[in-house]
>>> print(open('target_25.cif').read())   # mmCIF, C-alpha atoms
data_start
loop_
_atom_site.label_atom_id
_atom_site.label_comp_id
_atom_site.auth_asym_id
_atom_site.auth_seq_id
_atom_site.Cartn_x
_atom_site.Cartn_y
_atom_site.Cartn_z
CA MET A 1 -16.45 -22.58 7.67
CA ARG A 2 -13.25 -24.47 8.04
CA ILE A 3 -10.82 -23.97 5.24
CA VAL A 4 -9.50 -27.18 3.83
CA SER A 5 -6.15 -27.74 2.34
CA THR A 6 -4.23 -30.51 0.67
CA LEU A 7 -1.55 -30.04 3.28
CA SER A 8 -1.63 -30.44 7.03
CA PRO A 9 -4.82 -28.77 8.32
CA ASP A 10 -3.01 -27.25 11.24
CA ALA A 11 -0.31 -25.86 9.06
CA PHE A 12 -2.40 -24.53 6.22
CA ARG A 13 -5.53 -23.11 7.70
CA LEU A 14 -5.99 -19.64 6.28
CA GLY A 15 -2.89 -20.01 4.21
CA MET A 16 -0.33 -20.56 6.91
CA ASP A 17 3.10 -21.94 6.21
CA GLN A 18 3.82 -25.25 7.81
CA ASP A 19 6.34 -23.76 10.15
CA GLY A 20 4.09 -20.78 10.77
CA GLU A 21 7.11 -18.54 11.19
CA SER A 22 7.23 -14.97 10.09
CA GLU A 23 10.35 -13.79 8.45
CA PRO A 24 12.25 -11.62 10.88
CA ARG A 25 12.57 -8.05 9.80
CA ALA A 26 15.93 -6.71 8.82
CA VAL A 27 17.80 -5.73 11.93
CA ASP A 28 19.74 -2.92 10.39
CA GLY A 29 17.64 -0.76 8.15
CA SER A 30 20.06 2.15 8.24
CA ALA A 31 21.25 1.65 4.67
CA ALA A 32 17.66 1.59 3.41
CA THR A 33 16.86 4.65 5.50
CA ARG A 34 19.85 6.53 4.11
CA HIS A 35 18.82 5.59 0.59
CA GLU A 36 15.32 6.83 1.25
CA GLN A 37 16.57 10.09 2.75
CA ALA A 38 18.66 10.60 -0.36
CA LEU A 39 15.57 10.03 -2.51
CA VAL A 40 13.63 12.56 -0.45
CA GLU A 41 16.42 15.10 -0.82
CA ARG A 42 16.45 14.61 -4.58
CA ALA A 43 12.67 14.84 -4.78
CA ARG A 44 12.72 18.03 -2.71
CA ALA A 45 15.18 19.47 -5.17
CA GLY A 46 12.70 18.82 -7.97
CA ASP A 47 13.93 15.44 -9.22
CA ASP A 48 10.75 13.84 -10.57
CA LYS A 49 12.42 10.47 -11.04
CA ALA A 50 13.25 10.34 -7.34
CA PHE A 51 9.65 11.09 -6.44
CA ARG A 52 8.50 8.37 -8.81
CA LEU A 53 10.81 5.93 -7.03
CA ILE A 54 9.30 6.97 -3.71
CA PHE A 55 5.86 6.42 -5.22
CA ASP A 56 6.75 2.98 -6.57
CA ARG A 57 8.12 1.94 -3.22
CA HIS A 58 5.29 3.17 -1.00
CA ALA A 59 2.16 3.38 -3.16
CA PRO A 60 1.30 -0.35 -2.83
CA SER A 61 1.31 -0.19 0.98
CA VAL A 62 -0.55 3.11 1.07
CA ARG A 63 -3.18 1.79 -1.31
CA ARG A 64 -3.60 -1.43 0.66
CA PHE A 65 -3.98 0.60 3.85
CA LEU A 66 -6.62 2.83 2.25
CA HIS A 67 -8.43 -0.14 0.74
CA ASP A 68 -8.52 -1.83 4.13
CA LEU A 69 -10.00 1.31 5.65
CA LEU A 70 -12.34 2.42 2.86
CA ARG A 71 -13.19 -1.01 1.45
CA ASP A 72 -13.77 0.62 -1.90
CA ARG A 73 -11.32 0.03 -4.72
CA GLU A 74 -11.99 3.27 -6.57
CA ALA A 75 -11.84 5.34 -3.40
CA ALA A 76 -8.58 3.63 -2.46
CA ASP A 77 -7.10 4.50 -5.86
CA GLU A 78 -8.15 8.12 -5.62
CA GLY A 79 -7.00 8.32 -2.04
CA THR A 80 -3.59 6.94 -2.94
CA GLN A 81 -3.17 9.56 -5.63
CA GLU A 82 -4.25 12.26 -3.21
CA VAL A 83 -1.72 11.09 -0.63
CA PHE A 84 1.15 11.40 -3.10
CA VAL A 85 0.00 14.72 -4.51
CA ARG A 86 -0.02 16.08 -0.97
CA ALA A 87 3.26 14.40 -0.11
CA HIS A 88 4.89 16.01 -3.13
CA GLY A 89 3.84 19.45 -1.94
CA ARG A 90 4.91 18.82 1.63
CA LEU A 91 8.23 17.07 1.31
CA HIS A 92 9.83 20.19 2.74
CA SER A 93 8.00 19.59 6.03
CA LEU A 94 9.45 16.09 6.40
CA ARG A 95 12.11 16.32 9.08
CA ASP A 96 15.37 14.46 8.72
CA ASP A 97 14.53 12.06 11.52
CA ASP A 98 11.06 11.31 10.14
CA LYS A 99 10.62 8.02 8.36
CA LEU A 100 8.91 8.37 5.03
CA GLY A 101 6.55 5.40 5.45
CA PRO A 102 4.91 6.50 8.72
CA TRP A 103 4.74 10.07 7.40
CA LEU A 104 2.85 8.88 4.31
CA PHE A 105 0.49 6.80 6.45
CA GLY A 106 -0.20 9.94 8.49
CA ILE A 107 -1.26 11.72 5.31
CA ALA A 108 -3.25 8.64 4.26
CA ARG A 109 -5.16 8.68 7.54
CA HIS A 110 -6.24 12.27 6.91
CA VAL A 111 -7.19 11.45 3.33
CA PHE A 112 -9.24 8.53 4.61
CA HIS A 113 -11.26 10.77 6.94
CA GLU A 114 -11.75 13.41 4.26
CA THR A 115 -12.87 10.76 1.79
CA LEU A 116 -15.42 9.48 4.28
CA ARG A 117 -16.76 12.98 4.75
CA SER A 118 -16.80 14.01 1.11
CA ARG A 119 -17.87 10.82 -0.64
CA ARG A 120 -19.79 9.13 2.12
CA VAL A 121 -18.17 5.86 1.12
CA ARG A 122 -20.37 3.00 2.11
CA LEU A 123 -18.46 1.09 4.72
CA VAL A 124 -19.70 -2.45 4.34
CA PRO A 125 -17.62 -5.60 4.22
CA ALA A 126 -16.16 -5.76 0.74
CA PRO A 127 -14.47 -8.60 -1.07
CA PRO A 128 -10.71 -8.71 -0.75
CA ASP A 129 -8.74 -6.62 -3.16
CA ASN A 130 -7.59 -9.36 -5.47
CA GLU A 131 -7.68 -7.33 -8.63
CA VAL A 132 -4.56 -9.13 -9.70
CA ASP A 133 -3.87 -12.38 -7.97
CA LEU A 134 -0.65 -14.18 -8.70
CA ARG A 135 -1.80 -17.46 -7.30
CA PRO A 136 0.35 -20.46 -8.00
CA THR A 137 -2.13 -23.36 -7.95
CA PRO A 138 -5.92 -23.86 -7.96
CA GLU A 139 -5.73 -25.20 -4.40
CA ALA A 140 -3.76 -22.24 -3.26
CA THR A 141 -6.16 -19.96 -5.13
CA LEU A 142 -9.16 -21.23 -3.23
CA MET A 143 -7.31 -21.20 0.01
CA GLY A 144 -5.89 -17.72 -0.53
CA ARG A 145 -9.21 -16.22 -1.53
CA GLU A 146 -11.03 -17.78 1.40
CA ALA A 147 -8.30 -16.69 3.73
CA ASP A 148 -8.48 -13.14 2.47
CA GLU A 149 -12.28 -13.13 2.72
CA LYS A 150 -12.20 -14.31 6.32
CA LEU A 151 -9.50 -11.79 7.14
CA ALA A 152 -11.42 -8.96 5.42
CA GLU A 153 -14.58 -9.90 7.31
CA ALA A 154 -12.77 -9.95 10.62
CA LEU A 155 -11.07 -6.63 9.97
CA ALA A 156 -14.37 -5.08 8.89
CA HIS A 157 -15.80 -5.69 12.35
CA LEU A 158 -13.16 -3.48 13.93
CA SER A 159 -13.81 0.23 14.28
CA GLU A 160 -12.00 2.29 11.66
CA GLU A 161 -9.50 3.81 14.05
CA ARG A 162 -8.77 0.52 15.76
CA ARG A 163 -8.42 -1.21 12.41
CA ALA A 164 -6.03 1.48 11.20
CA ALA A 165 -3.82 1.13 14.27
CA LEU A 166 -3.73 -2.66 14.07
CA LEU A 167 -2.94 -2.69 10.36
CA LEU A 168 -0.15 -0.17 10.80
CA ARG A 169 1.34 -2.53 13.36
CA ILE A 170 0.87 -5.98 11.85
CA ASP A 171 0.64 -5.27 8.14
CA HIS A 172 2.89 -2.26 7.65
CA GLY A 173 5.37 -2.92 10.42
CA LEU A 174 5.25 0.43 12.19
CA ASP A 175 6.35 0.39 15.81
CA TYR A 176 4.14 1.72 18.59
CA ASP A 177 5.85 5.08 18.66
CA GLU A 178 5.42 5.57 14.91
CA ILE A 179 1.75 4.62 15.21
CA ARG A 180 1.40 7.15 18.02
CA ASN A 181 2.58 9.84 15.61
CA VAL A 182 0.33 8.70 12.78
CA MET A 183 -2.79 8.40 14.91
CA GLY A 184 -2.12 11.36 17.18
CA TRP A 185 -2.77 9.23 20.26
CA THR A 186 -0.88 8.67 23.47
CA LEU A 187 1.39 5.65 23.58
CA ALA A 188 -0.89 4.06 26.19
CA LYS A 189 -3.89 4.46 23.90
CA VAL A 190 -2.00 2.98 20.96
CA LYS A 191 -1.10 -0.10 22.99
CA ASN A 192 -4.59 -0.45 24.38
CA GLU A 193 -6.33 -0.09 21.00
CA ILE A 194 -4.00 -2.54 19.30
CA HIS A 195 -4.41 -5.01 22.15
CA ARG A 196 -8.18 -4.82 21.86
CA ALA A 197 -8.10 -5.00 18.08
CA ARG A 198 -5.85 -8.02 18.25
CA LEU A 199 -8.20 -9.78 20.68
CA GLU A 200 -11.18 -9.09 18.42
CA LEU A 201 -9.35 -10.30 15.33
CA ARG A 202 -8.11 -13.36 17.14
CA THR A 203 -11.57 -14.26 18.41
CA ARG A 204 -12.92 -14.18 14.87
CA LEU A 205 -10.06 -15.95 13.15
CA GLU A 206 -8.76 -18.35 15.74
CA LYS A 207 -10.98 -21.20 14.62
CA TYR A 208 -9.45 -21.00 11.16
CA VAL A 209 -5.89 -20.26 12.08
CA GLY A 210 -5.58 -22.62 15.00
CA GLY A 211 -7.04 -22.49 18.46
CA ARG A 212 -5.53 -22.12 21.84
CA SER A 213 -3.70 -25.02 23.40
CA GLU A 214 -6.07 -27.63 24.76
CA MET B 1 11.17 -15.08 33.20
CA LYS B 2 7.84 -13.35 33.73
CA CYS B 3 5.10 -13.30 31.13
CA ASP B 4 5.63 -10.21 28.98
CA PRO B 5 3.52 -9.74 25.81
CA GLU B 6 5.83 -6.97 24.60
CA LEU B 7 8.78 -9.35 24.62
CA LEU B 8 6.76 -11.85 22.61
CA GLU B 9 5.98 -9.15 20.07
CA ALA B 10 9.60 -8.06 19.96
CA LEU B 11 10.56 -11.66 19.27
CA VAL B 12 8.16 -11.80 16.32
CA ASP B 13 9.41 -8.42 15.06
CA GLY B 14 12.88 -9.90 14.87
CA GLY B 15 16.12 -8.25 15.78
CA MET B 16 16.15 -9.44 19.39
CA PRO B 17 19.60 -10.53 20.64
CA PRO B 18 19.89 -14.33 20.22
CA GLU B 19 20.37 -15.00 23.92
CA GLN B 20 17.28 -13.02 24.87
CA ALA B 21 15.28 -14.58 22.03
CA ALA B 22 16.21 -18.03 23.27
CA GLY B 23 15.03 -17.08 26.76
CA VAL B 24 11.68 -15.79 25.50
CA GLN B 25 11.18 -18.87 23.35
CA ALA B 26 12.02 -21.15 26.25
CA HIS B 27 9.49 -19.36 28.43
CA ALA B 28 6.82 -19.55 25.72
CA ALA B 29 7.46 -23.28 25.40
CA GLU B 30 6.67 -23.78 29.07
CA CYS B 31 3.94 -21.17 29.58
CA ARG B 32 0.69 -22.06 27.81
CA THR B 33 -0.61 -18.48 27.80
CA CYS B 34 2.55 -17.07 26.28
CA GLY B 35 2.85 -20.03 23.93
CA ASP B 36 -0.65 -19.35 22.57
CA GLU B 37 0.04 -15.65 22.35
CA LEU B 38 3.29 -16.21 20.45
CA LYS B 39 1.56 -18.62 18.09
CA TRP B 40 -1.13 -16.06 17.36
CA LEU B 41 1.33 -13.22 16.85
CA ARG B 42 3.16 -15.30 14.28
CA SER B 43 -0.10 -16.30 12.62
CA GLU B 44 -1.39 -12.77 12.20
CA ARG B 45 1.89 -11.55 10.73
CA GLU B 46 1.93 -14.46 8.33
CA LEU B 47 -1.65 -13.81 7.29
CA MET B 48 -0.76 -10.23 6.46
CA ARG B 49 2.43 -11.16 4.67
CA ARG B 50 0.70 -13.73 2.53
CA ARG B 51 -2.20 -11.43 1.76
CA ALA B 52 0.18 -8.72 0.56
CA ALA B 53 2.08 -11.28 -1.50
CA ARG B 54 -1.11 -12.64 -3.06
CA ALA B 55 -2.35 -9.32 -4.38
CA PRO B 56 0.59 -7.12 -5.26
CA LEU B 57 -0.08 -3.96 -7.22
CA PRO B 58 0.94 -4.82 -10.75
CA ALA B 59 3.19 -2.48 -12.69
CA ARG B 60 0.28 -1.56 -14.98
CA LYS B 61 -1.86 -0.50 -12.04
CA LEU B 62 1.02 1.38 -10.47
CA ASP B 63 1.61 3.23 -13.75
CA GLN B 64 -2.06 4.10 -13.94
CA LEU B 65 -2.06 5.52 -10.42
CA TRP B 66 1.14 7.41 -11.12
CA SER B 67 -0.35 8.95 -14.27
CA GLY B 68 -3.11 10.41 -12.13
CA VAL B 69 -0.59 11.79 -9.64
CA GLU B 70 1.58 13.21 -12.41
CA ALA B 71 -1.38 14.87 -14.13
CA ARG B 72 -2.45 16.52 -10.92
CA LEU B 73 1.07 17.68 -10.14
CA GLN B 74 1.33 19.25 -13.56
CA GLU B 75 -1.94 21.11 -13.29
CA LYS B 76 -1.10 22.19 -9.76
CA PRO B 77 1.01 25.32 -9.35
CA PRO B 78 4.33 24.84 -7.57
CA ALA B 79 3.65 23.61 -4.08
CA ARG B 80 2.55 26.34 -1.70
CA GLY B 81 4.12 28.82 -4.03
CA TRP B 82 1.08 30.64 -5.28
CA TRP B 83 -0.10 32.02 -2.01
CA ARG B 84 3.36 32.41 -0.57
CA ALA B 85 4.48 34.34 -3.59
CA MET B 86 1.35 36.39 -3.36
CA GLY B 87 1.88 37.09 0.32
CA PHE B 88 5.48 38.05 -0.16
CA SER B 89 4.88 40.22 -3.20
CA THR B 90 2.07 41.97 -1.39
CA ALA B 91 4.30 42.45 1.62
CA VAL B 92 7.03 43.85 -0.58
CA ALA B 93 4.55 46.16 -2.29
CA ALA B 94 3.14 47.33 1.01
CA ALA B 95 6.60 47.78 2.47
CA ALA B 96 7.56 49.86 -0.53
CA VAL B 97 4.45 51.99 -0.07
CA LEU B 98 5.19 52.36 3.60
CA ALA B 99 8.81 53.33 2.99
CA PHE B 100 7.83 55.76 0.27
CA LEU B 101 5.13 57.44 2.31
CA ALA B 102 7.12 57.45 5.52
CA GLY B 103 10.03 59.10 3.77
CA ARG B 104 7.87 61.70 2.11
CA HIS B 105 5.93 62.32 5.26
CA ALA B 106 9.16 62.95 7.16
CA ALA B 107 10.34 65.34 4.46
CA ASP B 108 7.00 67.16 4.47
CA GLN B 109 7.09 67.48 8.22
CA ALA B 110 10.60 68.90 8.12
CA ARG B 111 9.50 71.56 5.68
CA HIS B 112 6.04 72.23 7.14
CA PRO B 113 5.76 70.98 10.70
CA ALA B 114 2.20 69.92 11.33
CA ALA B 115 0.24 71.76 13.96
CA PRO B 116 -0.22 69.72 17.13
CA VAL B 117 -3.42 67.75 16.93
CA GLU B 118 -5.27 66.25 19.83
CA VAL B 119 -4.84 62.52 19.79
CA SER B 120 -8.05 60.64 20.17
CA GLN B 121 -8.28 57.64 22.47
CA ALA B 122 -10.01 55.65 19.75
CA PRO B 123 -7.98 52.58 18.80
CA GLY B 124 -7.75 53.49 15.15
CA ALA B 125 -6.82 57.11 15.76
CA ARG B 126 -3.70 56.85 17.91
CA TYR B 127 -1.57 58.17 15.10
CA ARG B 128 -1.24 61.88 14.49
CA PRO B 129 -3.40 62.87 11.55
CA VAL B 130 -1.68 64.57 8.66
CA VAL B 131 -3.05 66.22 5.59
CA ALA B 132 -3.14 63.49 3.00
CA LYS B 133 -2.24 63.94 -0.61
CA SER B 134 -4.49 62.22 -3.06
CA ASP B 135 -1.66 60.09 -4.53
CA ASP B 136 -0.70 58.97 -1.01
CA LEU B 137 -4.19 57.73 -0.41
CA ASP B 138 -4.38 56.10 -3.84
CA ALA B 139 -1.23 54.12 -3.07
CA ILE B 140 -2.59 53.15 0.33
CA ASP B 141 -5.93 52.18 -1.18
CA GLN B 142 -4.17 49.96 -3.67
CA ALA B 143 -1.98 48.35 -0.99
CA GLU B 144 -5.00 47.81 1.21
CA VAL B 145 -6.89 46.05 -1.59
CA GLU B 146 -3.91 43.73 -2.07
CA TRP B 147 -3.68 43.01 1.63
CA ARG B 148 -7.41 42.39 1.83
CA ASP B 149 -7.17 39.90 -1.05
CA ALA B 150 -4.18 38.22 0.57
CA ALA B 151 -6.07 37.96 3.86
CA ALA B 152 -9.11 36.50 2.12
CA GLU B 153 -6.97 33.90 0.33
CA MET B 154 -5.23 32.96 3.55
CA GLU B 155 -8.55 32.72 5.38
CA GLU B 156 -9.81 30.36 2.72
CA ILE B 157 -6.70 28.17 3.01
CA TYR B 158 -6.98 28.26 6.78
CA GLN B 159 -10.60 27.14 6.64
CA ARG B 160 -9.69 24.32 4.27
CA GLU B 161 -6.89 23.10 6.52
CA ARG B 162 -9.11 23.53 9.53
CA ARG B 163 -11.86 21.37 8.05
CA ALA B 164 -9.36 18.57 7.62
CA ILE B 165 -8.62 18.39 11.35
CA VAL B 166 -10.02 15.28 12.96
CA ASP B 167 -7.90 14.89 16.06
CA PRO B 168 -9.93 16.06 19.11
CA GLN B 169 -6.87 17.59 20.81
CA GLN B 170 -5.96 19.54 17.71
CA LEU B 171 -9.58 20.63 17.34
CA ALA B 172 -9.52 22.01 20.87
CA ARG B 173 -6.31 23.90 20.15
CA ILE B 174 -7.57 25.30 16.88
CA GLY B 175 -10.69 26.56 18.66
CA LYS B 176 -8.45 28.96 20.59
CA VAL B 177 -6.76 30.03 17.37
CA ASP B 178 -10.21 30.74 15.92
CA VAL B 179 -10.96 33.08 18.82
CA SER B 180 -7.61 34.90 18.45
CA LEU B 181 -8.06 35.31 14.73
CA GLY B 182 -11.62 36.52 15.22
CA VAL B 183 -10.47 39.16 17.68
CA ALA B 184 -7.67 40.26 15.30
CA ARG B 185 -10.08 40.42 12.37
CA HIS B 186 -12.54 42.51 14.37
CA ALA B 187 -9.79 44.89 15.57
CA LEU B 188 -8.61 45.28 12.01
CA SER B 189 -12.10 46.08 10.73
CA GLU B 190 -12.61 48.58 13.53
CA ALA B 191 -9.28 50.31 12.85
CA GLN B 192 -10.10 50.36 9.15
CA ARG B 193 -13.48 51.95 9.84
CA GLN B 194 -12.02 54.65 12.07
CA ALA B 195 -9.00 55.44 9.93
CA GLY B 196 -10.99 57.33 7.30
CA ARG B 197 -8.60 59.44 5.20
CA ASP B 198 -5.96 59.69 7.91
CA VAL B 199 -2.71 58.54 6.29
CA ASP B 200 -1.01 57.40 9.51
CA ALA B 201 -4.04 55.47 10.64
CA ARG B 202 -4.33 53.90 7.21
CA LEU B 203 -0.67 52.88 7.39
CA ALA B 204 -1.38 51.32 10.77
CA VAL B 205 -4.20 49.36 9.15
CA LEU B 206 -1.78 48.09 6.49
CA ASP B 207 0.58 47.07 9.26
CA GLY B 208 -2.33 45.29 10.94
CA TYR B 209 -3.10 43.40 7.73
CA SER B 210 0.53 42.37 7.52
CA GLN B 211 0.43 40.99 11.08
CA TYR B 212 -2.88 39.28 10.47
CA VAL B 213 -1.79 37.57 7.25
CA GLN B 214 1.51 36.53 8.81
CA SER B 215 -0.37 35.03 11.75
CA LEU B 216 -2.62 33.07 9.41
CA HIS B 217 0.43 32.00 7.44
CA MET B 218 2.07 30.63 10.58
CA VAL B 219 -1.07 28.78 11.65
CA VAL B 220 -1.57 27.25 8.19
CA SER B 221 2.08 26.18 7.98
CA ASP B 222 1.77 24.61 11.40
CA LEU B 223 -1.38 22.73 10.36
CA GLU B 224 0.26 21.52 7.18
CA VAL B 225 3.30 20.25 9.01
CA SER B 226 1.19 18.47 11.57
CA ARG B 227 -0.76 16.59 8.90
#
>>> encode(input="target_25.cif", output="structure tokens")
Amino acid sequence: MRIVSTLSPDAFRLGMDQDGESEPRAVDGSAATRHEQALVERARAGDDKAFRLIFDRHAPSVRRFLHDLLRDREAADEGTQEVFVRAHGRLHSLRDDDKLGPWLFGIARHVFHETLRSRRVRLVPAPPDNEVDLRPTPEATLMGREADEKLAEALAHLSEERRAALLLRIDHGLDYDEIRNVMGWTLAKVKNEIHRARLELRTRLEKYVGGRSE
Amino acid sequence: MKCDPELLEALVDGGMPPEQAAGVQAHAAECRTCGDELKWLRSERELMRRRAARAPLPARKLDQLWSGVEARLQEKPPARGWWRAMGFSTAVAAAAVLAFLAGRHAADQARHPAAPVEVSQAPGARYRPVVAKSDDLDAIDQAEVEWRDAAAEMEEIYQRERRAIVDPQQLARIGKVDVSLGVARHALSEAQRQAGRDVDARLAVLDGYSQYVQSLHMVVSDLEVSR
């Protein structure tokens, strides 16, 4: 199915901006990192407000990651809570040079596997997690939902591990080395799995997003 | 410039020096393969960004999740504290018993040197037997019960952490730890069986428990850190 839009088809397939550009990431994240380290220090010292700030900042990403892996809203909620309960008890093991985000995704990956084992979550393609959808216009609503459905379908065809690695890279912005730590793989395997995942995703979505040059 | 997918990805990540970025873009404009690749890389990032923007976790939902976390943190004892505290208090108790008995044993020996006793080659009987007083053995019995409980608790925690391991490399490593712990556990049981009412041998068993629990403690801490 080709997704129609009131705007240029090439520019707005699957909800693309007309310029198709991603916003570049901040070059210097050192201030944010220092702020986060300070929060971790406060949380370690028993400051509940600091831990709540950490939760507010990272829970949405962690939950989205778990929902993408588990494809079950309730399991994703429970898993997110489990990640932060564990994180709270293990803040002391977070080294100074560890980034909080990748560390939390590492815990989330373990929680995901445990959830699979304990709950036997049924891994079937699920509708996108649009529990709350702040969609600006009816056109955009249709387009956004269809885009998310196509994306969810394409992601669901990837193996769980491959999907996790790809999402850590393209959704959560981890670099290859951080993904290596989260997944416990070699750097070569990380690159290979993400490359393959990207090819699979591209094959399934290219007709909606825009094909190769003729 | 040669085709380099990693440079294309670095360009999309942002933060590349402007001169280098211009070079990569110029190459992608001329090379169809790299141009397509760059277009896709930008598309997939944009898809993800827009998806995240379309379905943010609302404050109400975040509060609800946090309430669950908070409730569990409140019902949970201080992190890692319960078994650590238990281990340390048991160690302190056992150390106190050891110090007490060792001191009294030395004093007894000074007053009434024990007759030389043939030392058995059995593993649990390498300490010179002494005549035990009933209160000595009571204290040792009590310390041994505490150590046994501490070991059982640590074994349970170890098994829980162990079940959570999914990485094949870590599973291979932990298999070796299993063997070592099994050997230690067997040696401890054997020493315990042979010690009988021999105070020195019983003290050696307590020392063995201490080593065993500390080993488990180290393994569990290592597993926790690696998760």
>>> closest_atom_pairs(input="target_25.cif", of="chain B", to="chain A", cutoff="8 Å", atoms="all atoms listed in the file", output="JSON lines")
{"residue": "B:Val12", "atom": "CA", "partner": "A:Pro24", "partner_atom": "CA", "distance": 6.8}
{"residue": "B:Asp13", "atom": "CA", "partner": "A:Pro24", "partner_atom": "CA", "distance": 6.0}
{"residue": "B:Gly14", "atom": "CA", "partner": "A:Pro24", "partner_atom": "CA", "distance": 4.4}
{"residue": "B:Gly15", "atom": "CA", "partner": "A:Val27", "partner_atom": "CA", "distance": 4.9}
{"residue": "B:Arg32", "atom": "CA", "partner": "A:Ser213", "partner_atom": "CA", "distance": 6.9}
{"residue": "B:Asp36", "atom": "CA", "partner": "A:Arg212", "partner_atom": "CA", "distance": 5.7}
{"residue": "B:Trp40", "atom": "CA", "partner": "A:Arg202", "partner_atom": "CA", "distance": 7.5}
{"residue": "B:Arg42", "atom": "CA", "partner": "A:Ser22", "partner_atom": "CA", "distance": 5.9}
{"residue": "B:Ser43", "atom": "CA", "partner": "A:Gly20", "partner_atom": "CA", "distance": 6.4}
{"residue": "B:Glu44", "atom": "CA", "partner": "A:Ile170", "partner_atom": "CA", "distance": 7.2}
{"residue": "B:Arg45", "atom": "CA", "partner": "A:Ile170", "partner_atom": "CA", "distance": 5.8}
{"residue": "B:Glu46", "atom": "CA", "partner": "A:Ser22", "partner_atom": "CA", "distance": 5.6}
{"residue": "B:Leu47", "atom": "CA", "partner": "A:Met16", "partner_atom": "CA", "distance": 6.9}
{"residue": "B:Met48", "atom": "CA", "partner": "A:Asp171", "partner_atom": "CA", "distance": 5.4}
{"residue": "B:Arg49", "atom": "CA", "partner": "A:Asp171", "partner_atom": "CA", "distance": 7.1}
{"residue": "B:Arg50", "atom": "CA", "partner": "A:Gly15", "partner_atom": "CA", "distance": 7.4}
{"residue": "B:Arg51", "atom": "CA", "partner": "A:Asp148", "partner_atom": "CA", "distance": 6.5}
{"residue": "B:Arg54", "atom": "CA", "partner": "A:Asp133", "partner_atom": "CA", "distance": 5.6}
{"residue": "B:Ala55", "atom": "CA", "partner": "A:Asp133", "partner_atom": "CA", "distance": 5.0}
{"residue": "B:Pro56", "atom": "CA", "partner": "A:Val132", "partner_atom": "CA", "distance": 7.1}
{"residue": "B:Leu57", "atom": "CA", "partner": "A:Pro60", "partner_atom": "CA", "distance": 5.8}
{"residue": "B:Pro58", "atom": "CA", "partner": "A:Val132", "partner_atom": "CA", "distance": 7.1}
{"residue": "B:Leu62", "atom": "CA", "partner": "A:Asp56", "partner_atom": "CA", "distance": 7.1}
{"residue": "B:Leu65", "atom": "CA", "partner": "A:Gln81", "partner_atom": "CA", "distance": 6.4}
{"residue": "B:Trp66", "atom": "CA", "partner": "A:Gln81", "partner_atom": "CA", "distance": 7.3}
{"residue": "B:Gly68", "atom": "CA", "partner": "A:Gln81", "partner_atom": "CA", "distance": 6.6}
{"residue": "B:Val69", "atom": "CA", "partner": "A:Gln81", "partner_atom": "CA", "distance": 5.3}
{"residue": "B:Arg72", "atom": "CA", "partner": "A:Val85", "partner_atom": "CA", "distance": 7.1}
{"residue": "B:Leu73", "atom": "CA", "partner": "A:Val85", "partner_atom": "CA", "distance": 6.5}
{"residue": "B:Pro78", "atom": "CA", "partner": "A:Gly89", "partner_atom": "CA", "distance": 7.8}
{"residue": "B:Ala79", "atom": "CA", "partner": "A:Gly89", "partner_atom": "CA", "distance": 4.7}
{"residue": "B:Arg80", "atom": "CA", "partner": "A:Gly89", "partner_atom": "CA", "distance": 7.0}
{"residue": "B:Ala164", "atom": "CA", "partner": "A:Glu114", "partner_atom": "CA", "distance": 6.6}
{"residue": "B:Ile165", "atom": "CA", "partner": "A:His110", "partner_atom": "CA", "distance": 7.9}
{"residue": "B:Val166", "atom": "CA", "partner": "A:His113", "partner_atom": "CA", "distance": 7.6}
{"residue": "B:Asp167", "atom": "CA", "partner": "A:Gly184", "partner_atom": "CA", "distance": 6.9}
{"residue": "B:Glu224", "atom": "CA", "partner": "A:Arg90", "partner_atom": "CA", "distance": 7.7}
{"residue": "B:Val225", "atom": "CA", "partner": "A:Ser93", "partner_atom": "CA", "distance": 5.6}
{"residue": "B:Arg227", "atom": "CA", "partner": "A:Ile107", "partner_atom": "CA", "distance": 6.1}
>>> closest_residue(input="target_25.cif", among="B:Ala52, B:Leu216, B:Cys3, B:Ala139", to="Asp178 of chain B", atoms="all atoms listed in the file")
B:Leu216
>>> residues_around(input="target_25.cif", residues="Leu66 of chain A", least_positions_apart="3", cutoff="8 Å", atoms="all atoms listed in the file", output="ChimeraX atom specification")
/A:62-63,69-71,76,79-80,108,112
>>> resolve_selection(input="target_25.cif", expression="the PyMOL selection byres ((chain A and resi 165) around 9)", output="ChimeraX atom specification")
/A:160-164,166-170,179-180,182-183,190,193-194,197
>>> residues_near_point(input="target_25.cif", point="(-3.6, 28.7, 11.3)", cutoff="10 Å", atoms="only C-alpha atoms", output="PyMOL selection string")
chain B and resi 154-155+157-159+161-162+174+177-178+181+213-224
>>> atom_distance(input="target_25.cif", atom1="atom CA of His157 of chain A", atom2="atom CA of Arg196 of chain A")
12.2 Å
>>> closest_residue(input="target_25.cif", among="A:Ser159, A:Leu187, A:Arg42, A:Lys150", to="Tyr208 of chain A", atoms="all atoms listed in the file")
A:Lys150
>>> atom_distance(input="target_25.cif", atom1="atom CA of Ser210 of chain B", atom2="atom CA of Val179 of chain B")
18.6 Å
>>> closest_residue(input="target_25.cif", among="B:Arg173, B:Arg163, B:Ala22, B:Arg148", to="Ser118 of chain A", atoms="all atoms listed in the file")
B:Arg163
